[in-house]
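Colleague: Pasting in a structure now, in structure tokens, and then I'll have a few things to ask.
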Amino acid sequence: MAFLEFARGLKVTLSTMLKPPTTIQQPEERRVLPERFRGKHALHRYENNLERCIGCFLCAGACPAECIYIEAAENDPNNPVSAGERYARIYEIDELRCIFCGFCEEACPTGAITLEPVFEMSDYERGGMIFDKAILLDPPRPQAVAAET
Amino acid sequence: MTRVLSDEAVAAIQAERGRYPDPRSALLPALHIAQNEVGWCSADAIEDVAAVMELPTSDVEEVVSFYTMFYEDRVGSYVMEVCKTVPCAILGADQIIGHIADRLGISPGGTTPDGMFTLLRVECLAACHRAPVMQVNSRYYENLTPERVDQLLDLMRRQAELRRGQAREAPLPPLIGRVEAV
Amino acid sequence: MAEDRVHVTIDGAQTEVPKGTILWEAAKDIGVDIPIFCYHSKLGPVGVCRMCMVQVEGMPKLTTACTTTVTDGMVVHTRSPEVEKAQRGVLEFLLINHPLDCPICDRGGECPLQDQTFQYGPGISRFVERKRHFVKPVRLGPTIDLDRERCILCWRCVRFTSEVAEDNKLILVDRGSESFIGTFEAEPYVSNFSGNVIELCPVGALTSHKQRFTFRPWELQQHPSICPHCPMGCNINIDVRDAQEVIRFRSRTNEAVDDGWLCDRGRFGYDFIGSPDRLKTPLIREDGTLRPASFSAAYRLIAERLQRVAAEAGPHSIAGIASPRLSNEDLFVFRRFLRDSVGSESIDYWPRPEYSIDSGDSAALQTLDSALTSIDRIDSAALIVLIAADPSEKEPVMELRIRSALNKRSAQLVDIGIHDVPLSGKASAVLRFAPDQIDGVLRGLFLAAAREAGSEEFAGARELLDGDGPVVLLYDDSFPDIPQERRRDALLSLAYMVDNLRERRQVGVIPLLTTSNEMAARDFGVMAPNDSGSVWGEPLVDRLLSGDYRAALFWGANPVGTVAGLTEAVEALDFVAVSELRLSETAGLADVVLPASCFAEKVGTVTNTCRRVQVFSEAVPAPGMARPDWQMLVELSQRWDNPLSYASPEAILADISGSVPGYAGRLPTSYRRVGPLGVAVKGGGVEAAE
Ligand code: SF4
Ligand code: SF4
Ligand code: SF4
Ligand code: SF4
Ligand code: FES
Ligand code: FES
């Protein structure tokens with residue numbers, strides 16, 4: 001009886017030994033991420049370069065982790081930042097607190113914020129993980145390979 | 001006391017006030033008196049009327065802005081008031097307004113630089129059965145089409161030529177009785 | 001069933017209401033929610049929005065609940081299919097020209113149009129044509145931004161200016177779908193009460209310019225509080241973002257005080273709370289400059305120096321001057337600290353009326369005090385008399401209360417004073433006199449009213465005084481326009497006439513005071529007594545000028561800069577300690593400055609002009625090391641032989657309610673029991689006079 005159990009266990013071990021490994025050599029090797037992977041946030045612009053975000057706080061209101069901080073301000077009609085009357089003067093996401101649920105993306109009425117298939121985020125300090133508008137709008141880090149669509 | 005209204009006008013307004021149980025009801029006749037004298041309801045005229053009527057200026061302004069027969073700006077010799085309400089709108093009032101605007105080179109609410117024509121969009125003129133309708137200086141022109149409008153504009157121009165030199169305030173003789181006659 | 005009550009059935013529930021009740025109010029009373037836009041309990045019904053359609057059995061068509069008065073036996077349905085169809089229709093129409101602004105609209109999140117569309121609306125819009133457009137936003141005035149596209153033409157703002165504030169500033173311009181809210185000749189909308197239309201507007205058409213885009217309603221925490229800007233004591237909510245930043249004050253209706261309104265001074269007066277120049281640490285003067293220090297160093301220095309002065313020149317040479325904007329707790333502890341710990345009776349508040357009342361005249365003060373009435377008594381007055389008083393300047397919301405009493409309840413107003421005030425236009429009789437004649441006028445008038453001989457110029461006012469019904473007198477006991485030497489006489493004449501008048505009529509008085517908690521400063525004895533110790537003496541600030549004192553404590557008070565010659569007098573003192581919110585002129589001369597927390601940063605009570613004690617709560621943290629004044633005083637007193645031992649403000653409240661005459665027995669001993677609307681500790685003079 002005991003032998004039977006032992007043999008069954010060994011079968012699993014031996015058969016796994018013969019399969020190729022699941023782990024890959026990140027970052028030399030890259031995994032193709034699923035299309036709807038929710039990773040690092042990005043803020044977007046319209047074609048005319050105006051920011052999509054209107055500073056409405058809806059994403060911050062939807063966020064269960066309360067990691068989005070926004071301060072809104074009025075656009076200068078002669079030199080607008082976003083389309084409309086209002087824009088986000090400050091927009092910060094604390095990526096360390098974020099649970100990547102995607103609620104912010106769902107709440108946004110203008111499609112300004114999306115979660116990109118990027119998971120490589122790290123820093124030596126916590127402060128660096130609070131992404132501000134500059135980082136979110138124009139990501140400085142090399143983009144990882146995204147799913148081919 | 002008043003800025004622009006003559007003593008006679010003030011007296012006439014006072015007389016109107018006496019005719020109503022609530023003197024406030026005399027506001028419409030009072031504004032007609034003021035507009036006849038000043039030509040339009042200027043801020044000064046409104047303040048005068050308010051003073052005589054013992055009402056806040058803001059109340060008088062509300063009434064002036066509500067009724068399209070009170071002019072909030074200077075108007076020309078011919079005030080073309082085109083109805084914009086539903087029946088006329090359905091039968092092409094916007095086309096008529098656009099046509100007049102194109103011909104005269106002004107937009108609704110504007111006056112030609114020569115001070116001859118003013119184009120206004122107004123509320124129902126109560127002649128919906130012959131829509132679209134326009135009123136020019138208290139006369140109705142009905143069943144309008146762009147062609148009829150052209151004829152009317154020419155007529156008005158010719159009439160103005162004839163009247164050149166006459167006092168502007170003189171009442172305009174009727175252009176034509178009915179539009180069908182054009 | 002009483003004659004004046006009627007039965008009505010709403011959605012199957014029976015209720016009995018007074019005759020003449022508006023159907024909407026009757027429904028609200030039994031918890032039936034009928035959606036409204038244009039109706040507002042404080043404004044007359046107009047029935048322009050058609051949102052409140054209900055079905056009344058026996059009526060051929062739907063009717064508006066806001067303009068229908070209930071009749072006996074009425075049977076009403078508010079949720080029938082016809083009603084729901086009408087509601088959907090009204091909302092669809094309202095939304096035809098309404099922009100899709102919710103994400104950027106300051107009202108979004110607390111917007112009745114949003115809420116009611118969600119609850120009763122059609123869900124989809126069939127309107128595909130172009131919407132009407134206006135330029136937006138436009139400045140309506142210094143305080144208000146107007147977005148004409150969002151306006152649903154409910155007229156609430158217009159009716160507020162014509163019925164409540166009565167300045168007729170806002171109007172409906174033009175007609176039909178092109179109507180918009182504006183002012184005469186597009187002049188700026190300037191008013192003492194403009195902020196109220198922000199709260200009245202059921203959409204985001206009228207929004208605050210100052211608060212524009214600074215918040216979303218759902219992220220604000222509300223803290224019930226009391227407006228600190230005048231002794232009216234209007235109830236407010238302090239709305240705070242992130243537990244840090246005060247975003248706005250909103251009215252928190254208290255029928256007994258503010259009737260739901262605020263003035264602009266109060267509503268927009270919150271900048272000082274989070275101001276960057278607030279003191280964050282104690283400061284001690286070293287080599288002529290004030291430098292940050294620890295509390296213990298500051299306390300040690302204050303105690304040392306005051307004790308030395310007391311040893312050399314006696315404790316009474318230490319003067320204590322408090323600000324009447326401190327809370328009841330602060331003022332009470334300030335007085336106890338000076339009297340019980342330091343041993344000084346030299347205590348006063350500033351600013352205060354600049355005259356003194358002798359002990360021989362104390363009966364006059366008692367007369368006025370016993371006639372003190374409550375603000376809501378204005379509503380039932382037959383006659384309201386202003387005596388050298390301008391409510392619009394001193395306690396602005398009082399003006400609205402008086403206007404409403406005059407309009408709704410056919411009360412009459414007599415204005416006795418030196419010059420015209422905003423309310424003069426509403427007066428049935430106006431009496432003007434030269435500043436030095438006030439006492440003669442008051443005596444003469446009321447003698448005349450007492451059917452004794454009087455001169456003809458008083459005839460109109462006399463006739464009114466001679467009538468029946470309750471009288472409310474409002475007076476300004478600082479008598480700002482009266483020469484200083486006549487002020488005492490003026491107060492005595494006033495008391496005399498109150499005494500005379502109340503032999504025949506119910507009389508209530510309301511003093512218009514200057515600073516928010518002035519009533520408590522007087523009640524707690526934070527007012528220089530005269531030599532016999534019972535009534536107002538000469539202001540202590542004036543006596544500082546004559547060099548009678550060696551040291552002074554200024555607790556929130558800042559007389560330097562206002563009182564001529566005080567700078568030199570304060571510089572000449574041996575020692576000056578100041579507790580302040582920021583480095584005031586007085587604090588600039590001090591040896592030690594303590595950082596105090598303001599009303600929004602602590603719990604406490606204030607006493608309003610009619611002796612209603614109301615609670616404010618902590619809304620934001622104090623900057624840096626700033627502490628409540630009572631706490632600093634208690635800590636400081638530990639360095640004397642008679643220390644104070646209060647562990648919490650509530651302990652002080654209990655002590656006040658146990659020991660201050662008039663408060664004892666009436667003031668509950670806990671904040672919870674004082675309640676959100678406060679308690680009147682004395683007053684009701686109109687009844688008392690019966
Ligand atoms: S993904 Fe979720 S947790 Fe992260 S910022 Fe968006 S809403 Fe917040
Ligand atoms: S990202 Fe979208 S939801 Fe968030 S503030 Fe900007 S517009 Fe609003
Ligand atoms: S601005 Fe607001 S309060 Fe005034 S009419 Fe329009 S919706 Fe009503
Ligand atoms: S009347 Fe006085 S208490 Fe009321 S809001 Fe105005 S300043 Fe504040
Ligand atoms: S709709 Fe044009 S006249 Fe009536
Ligand atoms: S609330 Fe009744 S019609 Fe507007």
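Following the order of the structure tokens, chains are lettered A, B, ..., residues in each are numbered from 1, and ligands are numbered from 1.
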Using only C-alpha atoms, find each residue of chain A with at least one atom at most 12 Å away from an atom of chain C; report its shortest atom-to-atom pair and that distance in Å (one decimal), sort the rows by chain and rising residue number, and return the result as CSV.
Modeller:
residue,atom,partner,partner_atom,distance
A:Cys53,CA,C:Pro103,CA,10.5
A:Ile54,CA,C:Ile104,CA,7.0
A:Gly55,CA,C:Ile104,CA,7.4
A:Cys56,CA,C:Pro103,CA,5.1
A:Phe57,CA,C:Arg216,CA,7.1
A:Leu58,CA,C:Pro103,CA,7.4
A:Cys59,CA,C:Pro103,CA,10.7
A:Ala60,CA,C:Glu219,CA,9.4
A:Gly61,CA,C:Glu219,CA,7.6
A:Ala62,CA,C:Trp218,CA,10.9
A:Glu66,CA,C:Glu219,CA,11.0
A:Tyr69,CA,C:Asp242,CA,10.1
A:Ile70,CA,C:Phe215,CA,9.5
A:Glu71,CA,C:Thr214,CA,6.9
A:Ala72,CA,C:Phe213,CA,5.7
A:Ala73,CA,C:Phe213,CA,5.9
A:Glu74,CA,C:Phe213,CA,7.1
A:Asn75,CA,C:Phe213,CA,10.6
A:Pro77,CA,C:Lys136,CA,11.1
A:Ser82,CA,C:Ile104,CA,11.8
A:Ala83,CA,C:Ile104,CA,11.2
A:Gly84,CA,C:Ile104,CA,8.6
A:Glu85,CA,C:Ile104,CA,7.6
A:Arg86,CA,C:Ile104,CA,6.4
A:Tyr87,CA,C:Ile104,CA,8.8
A:Ala88,CA,C:Phe213,CA,9.7
A:Arg89,CA,C:Phe213,CA,10.5
A:Ile90,CA,C:Thr214,CA,11.6
A:Ala107,CA,C:Pro103,CA,10.5
A:Cys108,CA,C:Pro103,CA,9.2
A:Pro109,CA,C:Pro103,CA,7.5
A:Thr110,CA,C:Pro103,CA,9.5
Colleague: List all protein, DNA and RNA residues that have an atom no more than 6 Å from any atom of ligand 1, counting only C-alpha atoms and all ligand atoms, and report them as a list of chain:residue names.
Modeller: A:Ala62, A:Cys63, A:Pro64, A:Ala65, A:Cys67, A:Ile68, A:Cys98, A:Ile99, A:Phe100, A:Cys101, A:Gly102, A:Phe103, A:Cys104
Colleague: With N, CA, C and O atoms retained, write the just-selected residues as a PDB file, in the first residue's frame.
Modeller:
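And here's again19.pdb as it stands now:
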ATOM      1  N   ALA A  62     -13.183  55.921  -7.279  1.00  0.00           N
ATOM      2  CA  ALA A  62     -13.441  54.493  -7.489  1.00  0.00           C
ATOM      3  C   ALA A  62     -12.353  53.622  -6.869  1.00  0.00           C
ATOM      4  O   ALA A  62     -12.581  52.454  -6.577  1.00  0.00           O
ATOM      5  N   CYS A  63     -11.187  54.179  -6.669  1.00  0.00           N
ATOM      6  CA  CYS A  63     -10.028  53.380  -6.279  1.00  0.00           C
ATOM      7  C   CYS A  63     -10.191  52.780  -4.882  1.00  0.00           C
ATOM      8  O   CYS A  63     -10.327  53.500  -3.909  1.00  0.00           O
ATOM      9  N   PRO A  64     -10.201  51.455  -4.759  1.00  0.00           N
ATOM     10  CA  PRO A  64     -10.377  50.850  -3.439  1.00  0.00           C
ATOM     11  C   PRO A  64      -9.136  50.995  -2.564  1.00  0.00           C
ATOM     12  O   PRO A  64      -9.231  50.905  -1.347  1.00  0.00           O
ATOM     13  N   ALA A  65      -7.990  51.235  -3.184  1.00  0.00           N
ATOM     14  CA  ALA A  65      -6.762  51.344  -2.397  1.00  0.00           C
ATOM     15  C   ALA A  65      -6.470  52.790  -2.014  1.00  0.00           C
ATOM     16  O   ALA A  65      -5.514  53.061  -1.295  1.00  0.00           O
ATOM     17  N   CYS A  67      -5.213  55.202  -3.685  1.00  0.00           N
ATOM     18  CA  CYS A  67      -3.823  55.535  -3.971  1.00  0.00           C
ATOM     19  C   CYS A  67      -3.692  56.591  -5.047  1.00  0.00           C
ATOM     20  O   CYS A  67      -2.598  56.842  -5.531  1.00  0.00           O
ATOM     21  N   ILE A  68      -4.804  57.206  -5.458  1.00  0.00           N
ATOM     22  CA  ILE A  68      -4.716  58.262  -6.473  1.00  0.00           C
ATOM     23  C   ILE A  68      -4.951  59.604  -5.796  1.00  0.00           C
ATOM     24  O   ILE A  68      -5.921  59.778  -5.057  1.00  0.00           O
ATOM     25  N   CYS A  98      -1.285  50.399  -5.047  1.00  0.00           N
ATOM     26  CA  CYS A  98      -2.238  49.994  -6.076  1.00  0.00           C
ATOM     27  C   CYS A  98      -2.396  48.481  -6.072  1.00  0.00           C
ATOM     28  O   CYS A  98      -1.428  47.739  -5.926  1.00  0.00           O
ATOM     29  N   ILE A  99      -3.633  48.025  -6.226  1.00  0.00           N
ATOM     30  CA  ILE A  99      -3.860  46.585  -6.313  1.00  0.00           C
ATOM     31  C   ILE A  99      -4.173  46.169  -7.747  1.00  0.00           C
ATOM     32  O   ILE A  99      -4.633  45.065  -8.002  1.00  0.00           O
ATOM     33  N   PHE A 100      -3.980  47.083  -8.687  1.00  0.00           N
ATOM     34  CA  PHE A 100      -4.138  46.795 -10.118  1.00  0.00           C
ATOM     35  C   PHE A 100      -5.488  46.165 -10.435  1.00  0.00           C
ATOM     36  O   PHE A 100      -5.578  45.196 -11.159  1.00  0.00           O
ATOM     37  N   CYS A 101      -6.517  46.759  -9.852  1.00  0.00           N
ATOM     38  CA  CYS A 101      -7.864  46.236 -10.057  1.00  0.00           C
ATOM     39  C   CYS A 101      -8.472  46.784 -11.337  1.00  0.00           C
ATOM     40  O   CYS A 101      -9.431  46.232 -11.857  1.00  0.00           O
ATOM     41  N   GLY A 102      -7.962  47.927 -11.810  1.00  0.00           N
ATOM     42  CA  GLY A 102      -8.502  48.493 -13.033  1.00  0.00           C
ATOM     43  C   GLY A 102      -9.763  49.328 -12.857  1.00  0.00           C
ATOM     44  O   GLY A 102     -10.343  49.784 -13.833  1.00  0.00           O
ATOM     45  N   PHE A 103     -10.176  49.543 -11.624  1.00  0.00           N
ATOM     46  CA  PHE A 103     -11.399  50.329 -11.424  1.00  0.00           C
ATOM     47  C   PHE A 103     -11.229  51.756 -11.942  1.00  0.00           C
ATOM     48  O   PHE A 103     -12.165  52.377 -12.411  1.00  0.00           O
ATOM     49  N   CYS A 104     -10.004  52.294 -11.810  1.00  0.00           N
ATOM     50  CA  CYS A 104      -9.776  53.667 -12.260  1.00  0.00           C
ATOM     51  C   CYS A 104     -10.031  53.776 -13.754  1.00  0.00           C
ATOM     52  O   CYS A 104     -10.674  54.705 -14.225  1.00  0.00           O
TER      53      CYS A 104
END
Colleague: Got a sec: who's within 8 Å of Leu31 of chain B, counting only C-alpha atoms, leaving out chain neighbours fewer than 6 positions off, as a PDB file with C-alpha atoms, in the first residue's frame?
Modeller:
ATOM      1  CA  CYS B  41     -34.986 100.442 -24.301  1.00  0.00           C
ATOM      2  CA  ILE B  46     -35.036 101.418 -18.164  1.00  0.00           C
ATOM      3  CA  VAL B  49     -39.122 103.792 -16.233  1.00  0.00           C
ATOM      4  CA  VAL B  64     -37.737  94.197 -21.492  1.00  0.00           C
ATOM      5  CA  PHE B  70     -38.840  95.837 -26.684  1.00  0.00           C
TER       6      PHE B  70
END
Colleague: Can I get the residues close to ligand 4 as a CSV table (one decimal) with C-alpha atoms, in the first residue's frame, where close means within 10 Å and we count only C-alpha atoms and all ligand atoms?
Modeller:
chain,number,residue,atom,x,y,z
C,192,ASN,CA,-23.7,90.4,1.6
C,193,PHE,CA,-25.6,87.2,1.1
C,226,ILE,CA,-20.4,77.6,14.5
C,227,CYS,CA,-19.5,80.6,12.3
C,228,PRO,CA,-16.8,82.5,14.2
C,229,HIS,CA,-17.3,85.9,12.5
C,230,CYS,CA,-20.0,87.5,14.6
C,231,PRO,CA,-22.1,86.9,17.7
C,232,MET,CA,-25.1,85.7,15.7
C,233,GLY,CA,-23.6,82.2,15.9
C,234,CYS,CA,-24.9,80.8,12.6
C,235,ASN,CA,-24.6,77.1,12.4
C,236,ILE,CA,-22.2,75.8,9.8
C,249,PHE,CA,-18.3,76.4,5.1
C,250,ARG,CA,-21.9,75.4,4.4
C,251,SER,CA,-25.0,76.4,6.3
C,257,VAL,CA,-30.6,81.1,14.9
C,258,ASP,CA,-29.9,81.4,11.2
C,260,GLY,CA,-30.7,78.3,7.0
C,261,TRP,CA,-28.8,81.4,5.7
C,262,LEU,CA,-25.2,82.5,6.0
C,263,CYS,CA,-23.7,85.9,5.1
C,264,ASP,CA,-20.7,86.0,2.8
C,265,ARG,CA,-18.4,87.2,5.6
C,266,GLY,CA,-19.1,84.0,7.4
C,267,ARG,CA,-19.4,81.6,4.4
C,268,PHE,CA,-16.1,82.6,2.8
C,269,GLY,CA,-14.2,83.5,6.0
C,391,PRO,CA,-27.8,94.5,12.0
C,392,SER,CA,-26.5,94.3,8.4
C,393,GLU,CA,-23.1,95.4,9.6
C,394,LYS,CA,-22.9,93.7,13.0
C,395,GLU,CA,-24.8,90.4,12.6
C,396,PRO,CA,-25.7,90.2,8.9
C,397,VAL,CA,-28.0,87.2,9.0
C,398,MET,CA,-30.1,89.1,11.5
C,399,GLU,CA,-31.1,91.4,8.6
C,400,LEU,CA,-32.6,88.5,6.8
C,514,THR,CA,-19.1,93.0,18.0
C,515,THR,CA,-17.2,89.8,18.5
C,516,SER,CA,-18.4,86.2,18.3
C,608,ASN,CA,-24.3,83.8,20.9
C,609,THR,CA,-25.8,87.2,21.1
Colleague: As an MDAnalysis selection string, which residues of chain B does DSSP assign to strand (DSSP E)?
Modeller: chainID B and resid 78:83 117:122 134:136 139:141
Colleague: Those same residues, written as a tab-separated table (two decimals), in the first residue's frame with N, CA and C atoms?
Modeller:
chain	number	residue	atom	x	y	z
B	78	TYR	N	-36.02	99.74	-40.61
B	78	TYR	CA	-36.92	98.61	-40.80
B	78	TYR	C	-36.49	97.50	-39.84
B	79	VAL	N	-37.39	97.16	-38.92
B	79	VAL	CA	-37.08	96.08	-37.99
B	79	VAL	C	-37.77	94.82	-38.48
B	80	MET	N	-36.99	93.90	-38.96
B	80	MET	CA	-37.56	92.68	-39.53
B	80	MET	C	-37.56	91.61	-38.44
B	81	GLU	N	-38.75	91.30	-37.95
B	81	GLU	CA	-38.86	90.35	-36.85
B	81	GLU	C	-39.43	89.05	-37.39
B	82	VAL	N	-38.58	88.06	-37.50
B	82	VAL	CA	-39.01	86.79	-38.07
B	82	VAL	C	-39.35	85.83	-36.93
B	83	CYS	N	-40.51	85.21	-37.06
B	83	CYS	CA	-40.93	84.28	-36.02
B	83	CYS	C	-40.06	83.03	-36.03
B	117	PHE	N	-31.67	98.28	-41.84
B	117	PHE	CA	-32.37	97.05	-41.46
B	117	PHE	C	-31.85	96.48	-40.15
B	118	THR	N	-32.80	95.96	-39.37
B	118	THR	CA	-32.43	95.16	-38.21
B	118	THR	C	-33.12	93.82	-38.36
B	119	LEU	N	-32.40	92.75	-38.07
B	119	LEU	CA	-32.99	91.41	-38.17
B	119	LEU	C	-33.12	90.83	-36.77
B	120	LEU	N	-34.33	90.44	-36.41
B	120	LEU	CA	-34.53	89.84	-35.09
B	120	LEU	C	-35.29	88.53	-35.22
B	121	ARG	N	-35.00	87.61	-34.32
B	121	ARG	CA	-35.79	86.38	-34.22
B	121	ARG	C	-36.75	86.56	-33.06
B	122	VAL	N	-38.01	86.36	-33.28
B	122	VAL	CA	-38.98	86.63	-32.21
B	122	VAL	C	-39.85	85.39	-31.96
B	134	MET	N	-43.24	87.02	-40.77
B	134	MET	CA	-42.32	88.05	-40.33
B	134	MET	C	-43.10	89.33	-40.13
B	135	GLN	N	-42.66	90.14	-39.21
B	135	GLN	CA	-43.31	91.41	-38.95
B	135	GLN	C	-42.28	92.50	-39.23
B	136	VAL	N	-42.64	93.45	-40.06
B	136	VAL	CA	-41.73	94.58	-40.29
B	136	VAL	C	-42.46	95.84	-39.87
B	139	ARG	N	-46.19	95.55	-39.40
B	139	ARG	CA	-47.01	94.91	-40.44
B	139	ARG	C	-46.55	93.46	-40.59
B	140	TYR	N	-47.53	92.58	-40.88
B	140	TYR	CA	-47.23	91.16	-41.03
B	140	TYR	C	-46.98	90.81	-42.48
B	141	TYR	N	-46.02	89.95	-42.74
B	141	TYR	CA	-45.80	89.37	-44.07
B	141	TYR	C	-45.74	87.87	-43.88
Colleague: Counting only C-alpha atoms and all ligand atoms, which residues of chain C sit at most 12 Å from some atom of ligand 3, and what is each one's closest atom pair with its distance in Å to one decimal, listed by chain and rising residue number, as CSV?
Modeller:
residue,atom,partner,partner_atom_place_in_ligand_line,distance
C:Ile36,CA,ligand 3,8 (Fe),11.6
C:Phe37,CA,ligand 3,8 (Fe),7.8
C:Cys38,CA,ligand 3,8 (Fe),6.9
C:Tyr39,CA,ligand 3,8 (Fe),10.1
C:His40,CA,ligand 3,3 (S),10.6
C:Leu43,CA,ligand 3,3 (S),11.6
C:Val46,CA,ligand 3,5 (S),11.9
C:Val48,CA,ligand 3,5 (S),10.1
C:Cys49,CA,ligand 3,8 (Fe),9.5
C:Leu94,CA,ligand 3,7 (S),10.4
C:His98,CA,ligand 3,7 (S),10.7
C:Arg107,CA,ligand 3,2 (Fe),10.9
C:Cys111,CA,ligand 3,7 (S),10.8
C:Pro112,CA,ligand 3,7 (S),10.4
C:Leu113,CA,ligand 3,7 (S),9.5
C:Pro137,CA,ligand 3,1 (S),11.9
C:Val138,CA,ligand 3,1 (S),11.8
C:Leu140,CA,ligand 3,1 (S),10.3
C:Ile144,CA,ligand 3,1 (S),10.4
C:Asp145,CA,ligand 3,1 (S),9.8
C:Leu146,CA,ligand 3,1 (S),7.0
C:Asp147,CA,ligand 3,1 (S),7.7
C:Arg148,CA,ligand 3,1 (S),7.1
C:Glu149,CA,ligand 3,6 (Fe),9.0
C:Arg150,CA,ligand 3,7 (S),7.0
C:Cys151,CA,ligand 3,6 (Fe),3.8
C:Ile152,CA,ligand 3,7 (S),4.3
C:Leu153,CA,ligand 3,5 (S),3.8
C:Cys154,CA,ligand 3,8 (Fe),3.9
C:Trp155,CA,ligand 3,5 (S),3.9
C:Arg156,CA,ligand 3,3 (S),4.4
C:Cys157,CA,ligand 3,4 (Fe),4.3
C:Val158,CA,ligand 3,4 (Fe),6.2
C:Arg159,CA,ligand 3,4 (Fe),8.7
C:Phe160,CA,ligand 3,3 (S),8.8
C:Thr161,CA,ligand 3,4 (Fe),10.3
C:Lys169,CA,ligand 3,4 (Fe),11.9
C:Leu170,CA,ligand 3,4 (Fe),8.5
C:Ile171,CA,ligand 3,5 (S),8.8
C:Leu172,CA,ligand 3,5 (S),7.7
C:Val173,CA,ligand 3,5 (S),10.7
C:Ser179,CA,ligand 3,6 (Fe),9.6
C:Phe180,CA,ligand 3,6 (Fe),7.4
C:Ile181,CA,ligand 3,1 (S),6.0
C:Gly182,CA,ligand 3,1 (S),8.9
C:Thr183,CA,ligand 3,4 (Fe),11.7
C:Ser194,CA,ligand 3,3 (S),11.8
C:Gly195,CA,ligand 3,3 (S),11.7
C:Asn196,CA,ligand 3,3 (S),10.0
C:Val197,CA,ligand 3,3 (S),6.5
C:Ile198,CA,ligand 3,3 (S),7.7
C:Glu199,CA,ligand 3,3 (S),8.6
C:Leu200,CA,ligand 3,3 (S),5.9
C:Cys201,CA,ligand 3,3 (S),3.5
C:Pro202,CA,ligand 3,7 (S),5.7
C:Val203,CA,ligand 3,7 (S),5.5
C:Gly204,CA,ligand 3,2 (Fe),6.9
C:Ala205,CA,ligand 3,1 (S),4.9
C:Leu206,CA,ligand 3,1 (S),5.3
C:Thr207,CA,ligand 3,2 (Fe),9.0
Colleague: Could you take the residues named above and write them with C-alpha atoms, as a compact mmCIF listing (two decimals), in the first residue's frame?
Modeller:
# COMPACT_ATOMS: atom_id res chain seq x y z
CA ILE C 36 -38.53 68.96 -6.53
CA PHE C 37 -36.32 71.54 -8.15
CA CYS C 38 -37.96 74.94 -7.88
CA TYR C 39 -39.70 74.54 -4.55
CA HIS C 40 -37.84 75.50 -1.39
CA LEU C 43 -38.96 80.62 -0.71
CA VAL C 46 -43.79 79.16 -8.04
CA VAL C 48 -42.11 76.33 -12.68
CA CYS C 49 -40.12 73.12 -12.89
CA LEU C 94 -34.68 69.43 -18.47
CA HIS C 98 -28.20 70.38 -20.15
CA ARG C 107 -21.99 70.26 -7.94
CA CYS C 111 -26.49 67.61 -7.39
CA PRO C 112 -30.27 67.22 -7.12
CA LEU C 113 -30.51 67.03 -10.91
CA PRO C 137 -18.53 80.11 -17.25
CA VAL C 138 -19.14 83.78 -16.59
CA LEU C 140 -21.68 86.74 -11.96
CA ILE C 144 -20.14 83.41 -7.90
CA ASP C 145 -19.44 81.75 -11.23
CA LEU C 146 -22.43 81.17 -13.48
CA ASP C 147 -22.68 78.40 -16.02
CA ARG C 148 -25.77 79.30 -18.01
CA GLU C 149 -25.90 76.01 -19.88
CA ARG C 150 -26.45 74.12 -16.65
CA CYS C 151 -29.26 76.35 -15.37
CA ILE C 152 -32.68 74.71 -15.29
CA LEU C 153 -34.47 78.02 -14.71
CA CYS C 154 -35.94 77.11 -11.36
CA TRP C 155 -35.83 80.74 -10.19
CA ARG C 156 -34.57 79.85 -6.75
CA CYS C 157 -31.69 82.31 -6.99
CA VAL C 158 -33.94 85.02 -8.40
CA ARG C 159 -36.47 84.49 -5.68
CA PHE C 160 -33.76 84.55 -3.04
CA THR C 161 -32.63 87.99 -4.12
CA LYS C 169 -30.03 91.64 -7.96
CA LEU C 170 -30.61 88.48 -9.99
CA ILE C 171 -33.09 88.33 -12.83
CA LEU C 172 -34.19 86.07 -15.61
CA VAL C 173 -33.07 87.61 -18.87
CA SER C 179 -33.36 82.50 -20.97
CA PHE C 180 -30.52 82.87 -18.59
CA ILE C 181 -29.84 84.25 -15.15
CA GLY C 182 -28.22 87.66 -15.10
CA THR C 183 -28.17 91.07 -13.53
CA SER C 194 -24.56 86.04 -2.39
CA GLY C 195 -23.15 82.71 -1.22
CA ASN C 196 -26.60 81.42 -0.32
CA VAL C 197 -27.56 81.04 -3.96
CA ILE C 198 -24.77 78.49 -4.38
CA GLU C 199 -26.51 76.21 -1.93
CA LEU C 200 -29.96 77.02 -3.29
CA CYS C 201 -29.16 76.25 -6.92
CA PRO C 202 -30.33 72.67 -7.56
CA VAL C 203 -27.72 72.23 -10.28
CA GLY C 204 -24.16 73.40 -10.81
CA ALA C 205 -25.14 76.64 -12.53
CA LEU C 206 -24.12 78.83 -9.62
CA THR C 207 -20.88 77.71 -8.06
